[in-house]
Amino acid sequence: MGWWAVDESDTTFVGPVALLVFLVLLFGLSQNYLKAPITKKLLNNAESEQMNQASKDILTNIAVVAALLASLNTAMLQIDPPAPLGFSADVEDASTYLDIQHTYAAACLISLILNISATLSCVADLTFLAPLSISETTNYLQRFPDTIGKH
């Protein structure tokens, strides 16, 4: 692979570890504040006849965007590693660029994994919601309010 840095420095894993800590904090906050409000707003503002189609449309849009971003992440992993543009790298700064390459690869991999999981989760939810009637969809969303906001 073109992005994999074969050399190591003393701070090789600082960037990827910082990304993982940031990701855990972001997911913790989003799971507490964003999951149920999306479904509650849908239940409060949508007509019961439109509930089934609205939930399918939301899940379809999330899945399509996540799939497109996953293909973009795959392309980003296949290109050459990031290099300095417009200036030359000193010997002392070589480890800095190596750390940037590791952080770049980690960010692309994390994004790829999250986008693939969001796509598969939306497909599973769509497979379940597709045969439900209007009243069954409303009952399901009331019982499990995190269905739409978990992606």
# chains A, B, ... in the order shown; residues from 1 in each chain; ligands from 1
>>> residues_around(residues="Asn139 of chain A", least_positions_apart="5", cutoff="12 Å", atoms="only C-alpha atoms", output="ChimeraX atom specification")
/A:39,43,48,51-52,129,132-134,144-145
>>> residues_around(residues="Leu59 of chain A", least_positions_apart="3", cutoff="9 Å", atoms="only C-alpha atoms", output="JSON, numbers by chain")
{"A": [54, 55, 56, 62, 63, 64, 122, 123, 125, 126, 148, 151]}
>>> residues_around(residues="Leu19 of chain A", least_positions_apart="3", cutoff="8 Å", atoms="only C-alpha atoms", output="ChimeraX atom specification")
/A:15-16,22-23,103,106-107
>>> write_last_selection(atoms="C-alpha atoms", output="mmCIF file, in the first residue's frame")
data_model
loop_
_atom_site.group_PDB
_atom_site.id
_atom_site.type_symbol
_atom_site.label_atom_id
_atom_site.label_comp_id
_atom_site.auth_asym_id
_atom_site.auth_seq_id
_atom_site.Cartn_x
_atom_site.Cartn_y
_atom_site.Cartn_z
ATOM 1 C CA GLY A 15 -1.740 11.053 16.298
ATOM 2 C CA PRO A 16 -3.749 7.806 15.961
ATOM 3 C CA PHE A 22 -11.386 12.208 20.330
ATOM 4 C CA LEU A 23 -13.601 9.636 18.625
ATOM 5 C CA THR A 103 -2.232 9.996 11.553
ATOM 6 C CA ALA A 106 -5.444 6.160 10.909
ATOM 7 C CA ALA A 107 -8.013 8.870 10.148
#
>>> residues_around(residues="Cys108 of chain A", least_positions_apart="3", cutoff="6 Å", atoms="only C-alpha atoms", output="compact mmCIF listing (two decimals) with N, CA and C atoms, in the first residue's frame")
# COMPACT_ATOMS: atom_id res chain seq x y z
N ASN A 73 -12.92 7.36 1.14
CA ASN A 73 -11.88 6.93 2.08
C ASN A 73 -10.98 5.86 1.47
N ALA A 105 -3.28 7.98 7.78
CA ALA A 105 -3.75 6.61 7.53
C ALA A 105 -4.76 6.18 8.59
N SER A 111 -12.46 6.42 9.48
CA SER A 111 -13.59 6.91 8.71
C SER A 111 -14.17 5.82 7.82
>>> residues_around(residues="Thr74 of chain A", least_positions_apart="2", cutoff="12 Å", atoms="only C-alpha atoms", output="count of residues only")
22
>>> closest_residue(among="A:Val14, A:Ala66, A:Ser30, A:Leu42", to="Leu114 of chain A", atoms="only C-alpha atoms")
A:Ala66
